[in-house]
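A.B. asks: Let me give you the structure first, and then I'll get to my questions.
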Amino acid sequence: MGEKLGKKWEIRFHGRGGQGAVTASKILAEAAYLSGFEAQSIPFFGAERRGAPVMAFTRVSYEAIHERSQVYTPDYVIVLDPIILDAVDVFRGLKDGGSIVINTVKSPMDFQFEQGSLLVATVDATGIAIKNNLLVAGTPVVNMPMLGAFLKIFSHIELETLEEVVMKKFGKNGKANVAAVREAYESTVVEKVRGSGKPSTEDVRRKRAVTMPVSTPSPGVAGRTRFWRDFRPEVDYDVCSNCLSCWLHCPESAIQRVGSRIEIDYEFCKGCLVCSAVCPKKAIRVSREVVV
């Protein structure tokens, strides 16, 4: 019992609006509570719009939790979107010897970081969400697969306990979410990876800063939002009637009228897929963009 006193785990979620990072944090906290722990879930919102980078935080402890701050030095990091790796330093503050779970088609050995070593887990959560039809407005919701992957490296919560909470949360859609949780748990690849053990150079930091979303007086009020996108809308001009419905509804002004047709500016398209949803002719196809 003495080893349990003061033991606490801090988890930080990185995702984009609409992927369910905040919901995942809450469900993980509830599953931890049912497992006999004290638990806390805290959301953090930046730009409150679909596709924008968001964070959430979960604390799990044997004792009462008194902190109310963000998690700055997590034991675990969960990355719901591979594209966000180009916009946010998800490894920042992660404890040396800690763990990170990444939604990606890459191998754990493909990642580099400043820590001496980390346990890196990878899973194609987007593919699992698509397979199990976990879609909202055509966009895959990857939070439940990511929780399944997380339990592959966090043994303090039983998979069955998490599945119980998921069924309660999602009701009639619970079975599909539970299936995604279990499939991700079984397919997650885990490797202990050695890092550089050295701080990043200023040049690396400067390159990362360039890709951060910044509001500018240009099309796309949050700057160049192409790295928010994991699905790419494409116009089938043989079907398009040039009704301009997509142009009218695009929230980023990323669709332009060029001559007698419309064109999508992929520098500012964030992949919200509103254009595809409002097209009366179904002339806007959607294809997955896989980061490799």
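Residue numbers start at 1 in each chain; chains themselves are named A, B, ... in the order of the structure tokens; ligands are numbered from 1 in the order shown.
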List as a VMD selection string the protein and nucleic acid residues near Asp75 of chain A, meaning an atom at most 9 Å away when only C-alpha atoms are counted, but skip any in the same chain fewer than 2 places from it.
C.D. replies: chain A and resid 9 to 12 73 77 94 to 100
A.B. asks: Give me a file of those residues, with N, CA and C atoms, as a PDB file, in the first residue's frame.
C.D. replies:
ATOM      1  N   TRP A   9      -0.751   9.786 -12.211  1.00  0.00           N
ATOM      2  CA  TRP A   9      -0.384   9.820 -13.621  1.00  0.00           C
ATOM      3  C   TRP A   9      -1.085  10.992 -14.290  1.00  0.00           C
ATOM      4  N   GLU A  10      -0.346  11.728 -15.103  1.00  0.00           N
ATOM      5  CA  GLU A  10      -0.908  12.864 -15.822  1.00  0.00           C
ATOM      6  C   GLU A  10      -0.862  12.583 -17.324  1.00  0.00           C
ATOM      7  N   ILE A  11      -1.995  12.802 -17.981  1.00  0.00           N
ATOM      8  CA  ILE A  11      -2.141  12.476 -19.403  1.00  0.00           C
ATOM      9  C   ILE A  11      -2.571  13.730 -20.156  1.00  0.00           C
ATOM     10  N   ARG A  12      -1.919  13.998 -21.274  1.00  0.00           N
ATOM     11  CA  ARG A  12      -2.287  15.147 -22.109  1.00  0.00           C
ATOM     12  C   ARG A  12      -2.730  14.653 -23.481  1.00  0.00           C
ATOM     13  N   THR A  73       3.871  18.661 -17.624  1.00  0.00           N
ATOM     14  CA  THR A  73       4.899  17.615 -17.690  1.00  0.00           C
ATOM     15  C   THR A  73       4.221  16.247 -17.594  1.00  0.00           C
ATOM     16  N   VAL A  77       1.229  11.074 -23.342  1.00  0.00           N
ATOM     17  CA  VAL A  77       0.649  11.978 -24.327  1.00  0.00           C
ATOM     18  C   VAL A  77      -0.114  11.141 -25.339  1.00  0.00           C
ATOM     19  N   LEU A  94       6.987  16.191 -22.022  1.00  0.00           N
ATOM     20  CA  LEU A  94       6.786  14.767 -21.736  1.00  0.00           C
ATOM     21  C   LEU A  94       8.004  14.230 -20.981  1.00  0.00           C
ATOM     22  N   LYS A  95       7.755  13.565 -19.877  1.00  0.00           N
ATOM     23  CA  LYS A  95       8.837  13.107 -19.013  1.00  0.00           C
ATOM     24  C   LYS A  95       9.715  12.083 -19.721  1.00  0.00           C
ATOM     25  N   ASP A  96      11.016  12.185 -19.495  1.00  0.00           N
ATOM     26  CA  ASP A  96      11.939  11.191 -20.025  1.00  0.00           C
ATOM     27  C   ASP A  96      11.542   9.820 -19.486  1.00  0.00           C
ATOM     28  N   GLY A  97      11.408   8.856 -20.380  1.00  0.00           N
ATOM     29  CA  GLY A  97      10.938   7.536 -19.986  1.00  0.00           C
ATOM     30  C   GLY A  97       9.425   7.408 -20.004  1.00  0.00           C
ATOM     31  N   GLY A  98       8.731   8.498 -20.382  1.00  0.00           N
ATOM     32  CA  GLY A  98       7.273   8.472 -20.466  1.00  0.00           C
ATOM     33  C   GLY A  98       6.790   7.757 -21.723  1.00  0.00           C
ATOM     34  N   SER A  99       5.515   7.972 -22.048  1.00  0.00           N
ATOM     35  CA  SER A  99       4.901   7.242 -23.156  1.00  0.00           C
ATOM     36  C   SER A  99       4.070   8.173 -24.013  1.00  0.00           C
ATOM     37  N   ILE A 100       3.997   7.855 -25.315  1.00  0.00           N
ATOM     38  CA  ILE A 100       3.180   8.633 -26.242  1.00  0.00           C
ATOM     39  C   ILE A 100       2.462   7.672 -27.182  1.00  0.00           C
TER      40      ILE A 100
END
A.B. asks: Which residues are close to segment 153-165 of chain A, i.e. within 7 Å by only C-alpha atoms, leaving aside same-chain residues fewer than 5 positions away? Reply as a list in words.
C.D. replies: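 Listing them by chain and then by number gives Ile27, Ala31, Ala32, Ser35 and Val178 of chain A.
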A.B. asks: Give me a file of those residues, with C-alpha atoms, as a tab-separated table (two decimals), in the first residue's frame.
C.D. replies:
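Result went into out-v8.tsv, see below:
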chain	number	residue	atom	x	y	z
A	27	ILE	CA	-14.43	8.87	-20.53
A	31	ALA	CA	-13.16	4.57	-16.31
A	32	ALA	CA	-10.36	5.39	-13.87
A	35	SER	CA	-11.34	1.27	-11.34
A	178	VAL	CA	-16.51	-0.71	-28.34
A.B. asks: Write out as a PyMOL selection string the residues lying within 9 Å of Ser241 of chain A, counting only C-alpha atoms and excluding same-chain residues fewer than 2 positions away.
C.D. replies: chain A and resi 237-239+243-244+261+281+283
A.B. asks: Hey, can you spit out that residue selection with N, CA and C atoms as a CSV table (one decimal), in the first residue's frame?
C.D. replies:
chain,number,residue,atom,x,y,z
A,237,TYR,N,-15.7,17.9,-61.9
A,237,TYR,CA,-16.3,18.9,-62.8
A,237,TYR,C,-17.2,18.4,-63.8
A,238,ASP,N,-17.2,17.1,-64.0
A,238,ASP,CA,-18.2,16.4,-64.9
A,238,ASP,C,-19.6,16.4,-64.3
A,239,VAL,N,-19.6,16.5,-63.0
A,239,VAL,CA,-20.9,16.4,-62.3
A,239,VAL,C,-21.3,17.8,-61.8
A,243,CYS,N,-23.4,25.6,-59.1
A,243,CYS,CA,-24.5,26.2,-58.4
A,243,CYS,C,-23.9,27.2,-57.3
A,244,LEU,N,-22.7,27.1,-56.9
A,244,LEU,CA,-22.0,27.9,-56.0
A,244,LEU,C,-22.4,27.7,-54.5
A,261,ARG,N,-16.1,28.3,-63.3
A,261,ARG,CA,-16.1,27.2,-62.3
A,261,ARG,C,-15.5,27.6,-61.0
A,281,LYS,N,-25.4,18.1,-56.0
A,281,LYS,CA,-25.1,17.2,-57.0
A,281,LYS,C,-24.1,16.1,-56.6
A,283,ALA,N,-21.1,16.4,-56.1
A,283,ALA,CA,-20.0,16.6,-57.1
A,283,ALA,C,-18.6,16.8,-56.4
A.B. asks: Mind checking DSSP for segment 145-195 of chain A and telling me the alpha helix (DSSP H) residues as a count of residues only?
C.D. replies: 33
A.B. asks: Can you work out the spacing between atom CA of Lys131 of chain A and atom CA of Ile284 of chain A in Å, to one decimal?
C.D. replies: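 Straight-line distance from atom CA of Lys131 of chain A to atom CA of Ile284 of chain A works out to 21.4 Å.
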A.B. asks: Could you give me, as a ChimeraX atom specification, the residues within 7 Å of Ser25 of chain A, counting only C-alpha atoms and dropping anything in the same chain fewer than 6 positions from it?
C.D. replies: /A:41,56-58
A.B. asks: From the DSSP assignment of the backbone, select every residue of segment 7-225 of chain A that is strand (DSSP E), and format the answer as a PyMOL selection string.
C.D. replies: chain A and resi 8-16+38-44+53-61+76-79+99-103+117-123+135-136+139-140+189-194
A.B. asks: Keeping only C-alpha atoms, take the residues you just selected and write them out as a compact mmCIF listing (two decimals), in the first residue's frame.
C.D. replies:
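Final file, result-v8.txt:
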# COMPACT_ATOMS: atom_id res chain seq x y z
CA LYS A 8 -0.35 9.92 -9.82
CA TRP A 9 -0.38 9.82 -13.62
CA GLU A 10 -0.91 12.86 -15.82
CA ILE A 11 -2.14 12.48 -19.40
CA ARG A 12 -2.29 15.15 -22.11
CA PHE A 13 -4.45 14.81 -25.22
CA HIS A 14 -3.64 16.60 -28.48
CA GLY A 15 -6.24 16.69 -31.23
CA ARG A 16 -8.25 18.92 -33.52
CA GLU A 38 -9.39 9.48 -8.04
CA ALA A 39 -9.67 11.14 -11.44
CA GLN A 40 -9.90 14.57 -13.04
CA SER A 41 -10.63 15.74 -16.59
CA ILE A 42 -9.89 19.28 -17.82
CA PRO A 43 -10.61 20.62 -21.33
CA PHE A 44 -8.65 23.37 -23.05
CA PRO A 53 -5.86 22.34 -32.44
CA VAL A 54 -7.29 21.50 -29.01
CA MET A 55 -5.96 19.89 -25.83
CA ALA A 56 -7.47 18.04 -22.91
CA PHE A 57 -5.95 16.75 -19.68
CA THR A 58 -6.64 13.80 -17.41
CA ARG A 59 -5.17 13.04 -14.01
CA VAL A 60 -5.44 9.62 -12.37
CA SER A 61 -4.33 9.17 -8.77
CA TYR A 76 1.56 10.11 -21.14
CA VAL A 77 0.65 11.98 -24.33
CA ILE A 78 -2.14 10.91 -26.69
CA VAL A 79 -2.06 12.39 -30.22
CA SER A 99 4.90 7.24 -23.16
CA ILE A 100 3.18 8.63 -26.24
CA VAL A 101 0.37 7.16 -28.34
CA ILE A 102 0.07 8.49 -31.90
CA ASN A 103 -2.65 8.05 -34.52
CA SER A 117 13.88 7.38 -24.42
CA LEU A 118 10.12 7.00 -24.66
CA LEU A 119 7.63 4.20 -25.04
CA VAL A 120 6.04 4.98 -28.42
CA ALA A 121 2.75 3.36 -29.46
CA THR A 122 1.26 3.79 -32.94
CA VAL A 123 -2.13 2.85 -34.33
CA LEU A 135 -18.11 9.42 -38.70
CA VAL A 136 -19.62 12.84 -38.02
CA THR A 139 -15.13 13.10 -40.67
CA PRO A 140 -13.81 10.13 -38.65
CA VAL A 189 2.34 -1.39 -32.08
CA VAL A 190 4.53 -0.52 -29.07
CA GLU A 191 8.29 0.06 -29.07
CA LYS A 192 10.76 1.59 -26.65
CA VAL A 193 12.53 4.23 -28.73
CA ARG A 194 15.75 6.05 -27.91
A.B. asks: Measure the distance from atom CA of Leu28 of chain A to atom CA of Val90 of chain A in Å and round it to one decimal.
C.D. replies: 19.5 Å
A.B. asks: Using only C-alpha atoms, can you tell me which of A:Asp86, A:Glu114, A:Glu183, A:Glu30 comes closest to Thr225 of chain A?
C.D. replies: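 The answer is A:Asp86, which sits nearest to Thr225 of chain A.
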A.B. asks: Considering only C-alpha atoms, return as a PDB file with N, CA and C atoms, in the first residue's frame whatever protein or nucleic-acid residues lie within 12 Å of Lys175 of chain A, sequence-local ones (same chain, fewer than 5 positions apart) excluded.
C.D. replies:
ATOM      1  N   ASN A 132     -15.319   1.196 -38.792  1.00  0.00           N
ATOM      2  CA  ASN A 132     -16.453   1.003 -37.878  1.00  0.00           C
ATOM      3  C   ASN A 132     -17.518   2.091 -38.026  1.00  0.00           C
ATOM      4  N   ASN A 133     -17.386   2.906 -39.083  1.00  0.00           N
ATOM      5  CA  ASN A 133     -18.377   3.940 -39.404  1.00  0.00           C
ATOM      6  C   ASN A 133     -18.551   4.949 -38.272  1.00  0.00           C
ATOM      7  N   LEU A 134     -17.463   5.313 -37.633  1.00  0.00           N
ATOM      8  CA  LEU A 134     -17.495   6.338 -36.589  1.00  0.00           C
ATOM      9  C   LEU A 134     -17.232   7.681 -37.246  1.00  0.00           C
ATOM     10  N   MET A 144     -12.279   7.107 -29.505  1.00  0.00           N
ATOM     11  CA  MET A 144     -12.422   5.798 -28.871  1.00  0.00           C
ATOM     12  C   MET A 144     -11.321   4.822 -29.294  1.00  0.00           C
ATOM     13  N   GLU A 163     -14.775  -0.286 -21.790  1.00  0.00           N
ATOM     14  CA  GLU A 163     -15.877  -0.641 -22.698  1.00  0.00           C
ATOM     15  C   GLU A 163     -17.238  -0.415 -22.035  1.00  0.00           C
ATOM     16  N   GLU A 164     -17.323  -0.660 -20.744  1.00  0.00           N
ATOM     17  CA  GLU A 164     -18.568  -0.406 -19.999  1.00  0.00           C
ATOM     18  C   GLU A 164     -18.936   1.074 -20.042  1.00  0.00           C
ATOM     19  N   VAL A 165     -17.952   1.943 -19.841  1.00  0.00           N
ATOM     20  CA  VAL A 165     -18.191   3.380 -19.874  1.00  0.00           C
ATOM     21  C   VAL A 165     -18.569   3.833 -21.291  1.00  0.00           C
ATOM     22  N   VAL A 166     -17.897   3.274 -22.284  1.00  0.00           N
ATOM     23  CA  VAL A 166     -18.185   3.630 -23.680  1.00  0.00           C
ATOM     24  C   VAL A 166     -19.607   3.242 -24.055  1.00  0.00           C
ATOM     25  N   MET A 167     -20.054   2.060 -23.658  1.00  0.00           N
ATOM     26  CA  MET A 167     -21.431   1.627 -23.951  1.00  0.00           C
ATOM     27  C   MET A 167     -22.439   2.567 -23.303  1.00  0.00           C
ATOM     28  N   LYS A 168     -22.170   2.962 -22.073  1.00  0.00           N
ATOM     29  CA  LYS A 168     -23.074   3.869 -21.364  1.00  0.00           C
ATOM     30  C   LYS A 168     -23.119   5.231 -22.047  1.00  0.00           C
ATOM     31  N   LYS A 169     -21.980   5.696 -22.534  1.00  0.00           N
ATOM     32  CA  LYS A 169     -21.883   7.024 -23.142  1.00  0.00           C
ATOM     33  C   LYS A 169     -22.596   7.076 -24.488  1.00  0.00           C
ATOM     34  N   PHE A 170     -22.412   6.068 -25.335  1.00  0.00           N
ATOM     35  CA  PHE A 170     -22.853   6.168 -26.718  1.00  0.00           C
ATOM     36  C   PHE A 170     -24.155   5.431 -27.027  1.00  0.00           C
ATOM     37  N   ALA A 180     -14.349  -0.574 -32.025  1.00  0.00           N
ATOM     38  CA  ALA A 180     -13.183   0.231 -32.402  1.00  0.00           C
ATOM     39  C   ALA A 180     -12.150   0.260 -31.282  1.00  0.00           C
ATOM     40  N   VAL A 181     -12.619   0.356 -30.047  1.00  0.00           N
ATOM     41  CA  VAL A 181     -11.715   0.336 -28.891  1.00  0.00           C
ATOM     42  C   VAL A 181     -10.901  -0.955 -28.877  1.00  0.00           C
ATOM     43  N   ARG A 182     -11.598  -2.081 -29.036  1.00  0.00           N
ATOM     44  CA  ARG A 182     -10.917  -3.374 -28.956  1.00  0.00           C
ATOM     45  C   ARG A 182      -9.985  -3.604 -30.143  1.00  0.00           C
TER      46      ARG A 182
END
A.B. asks: Atom CA of Thr23 of chain A to atom CA of Gly127 of chain A: how many Å, to one decimal?
C.D. replies: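 We find that atom CA of Thr23 of chain A and atom CA of Gly127 of chain A lie 19.6 Å from each other.
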A.B. asks: Which residues come within 12 Å of Cys275 of chain A, counting only C-alpha atoms, excluding same-chain residues fewer than 3 positions away, as a ChimeraX atom specification?
C.D. replies: /A:137-138,232-235,243-255,262-264,269-272,278-286
A.B. asks: Using only C-alpha atoms, which protein or nucleic acid residues come within 6 Å of Arg226 of chain A? Drop anything in the same chain fewer than 2 positions from it, and give the result as an NGL selection string.
C.D. replies: :A and (224 or 228-229 or 267-270)
A.B. asks: Go through A:Ala149, A:Leu273, A:Ile84, A:Ala29 and flag the residue nearest Ala52 of chain A, using only C-alpha atoms for the distances.
C.D. replies: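 Going through A:Ala149, A:Leu273, A:Ile84, A:Ala29 one by one, the smallest distance to Ala52 of chain A is for A:Ile84.
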A.B. asks: Nearest to Val88 of chain A among A:Phe227, A:Phe150, A:Phe37, A:Thr188, with distances taken over only C-alpha atoms: which residue is it?
C.D. replies: A:Phe227
A.B. asks: Measuring between only C-alpha atoms, which one of A:Ser260, A:Tyr185, A:Ala125, A:Gln112 shows the shortest distance to Lys198 of chain A?
C.D. replies: A:Gln112
A.B. asks: My list of candidates is A:Leu151, A:Ile130, A:Ala184, A:Ala179. Which is closest to Phe231 of chain A when distances are computed with only C-alpha atoms?
C.D. replies: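 Ranked by minimum distance to Phe231 of chain A, first place goes to A:Ile130.
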A.B. asks: Counting only C-alpha atoms, which of A:His66, A:Ala24, A:Gly195, A:Glu186 gets nearest to Asp110 of chain A?
C.D. replies: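 Smallest distance to Asp110 of chain A is found for A:Gly195.
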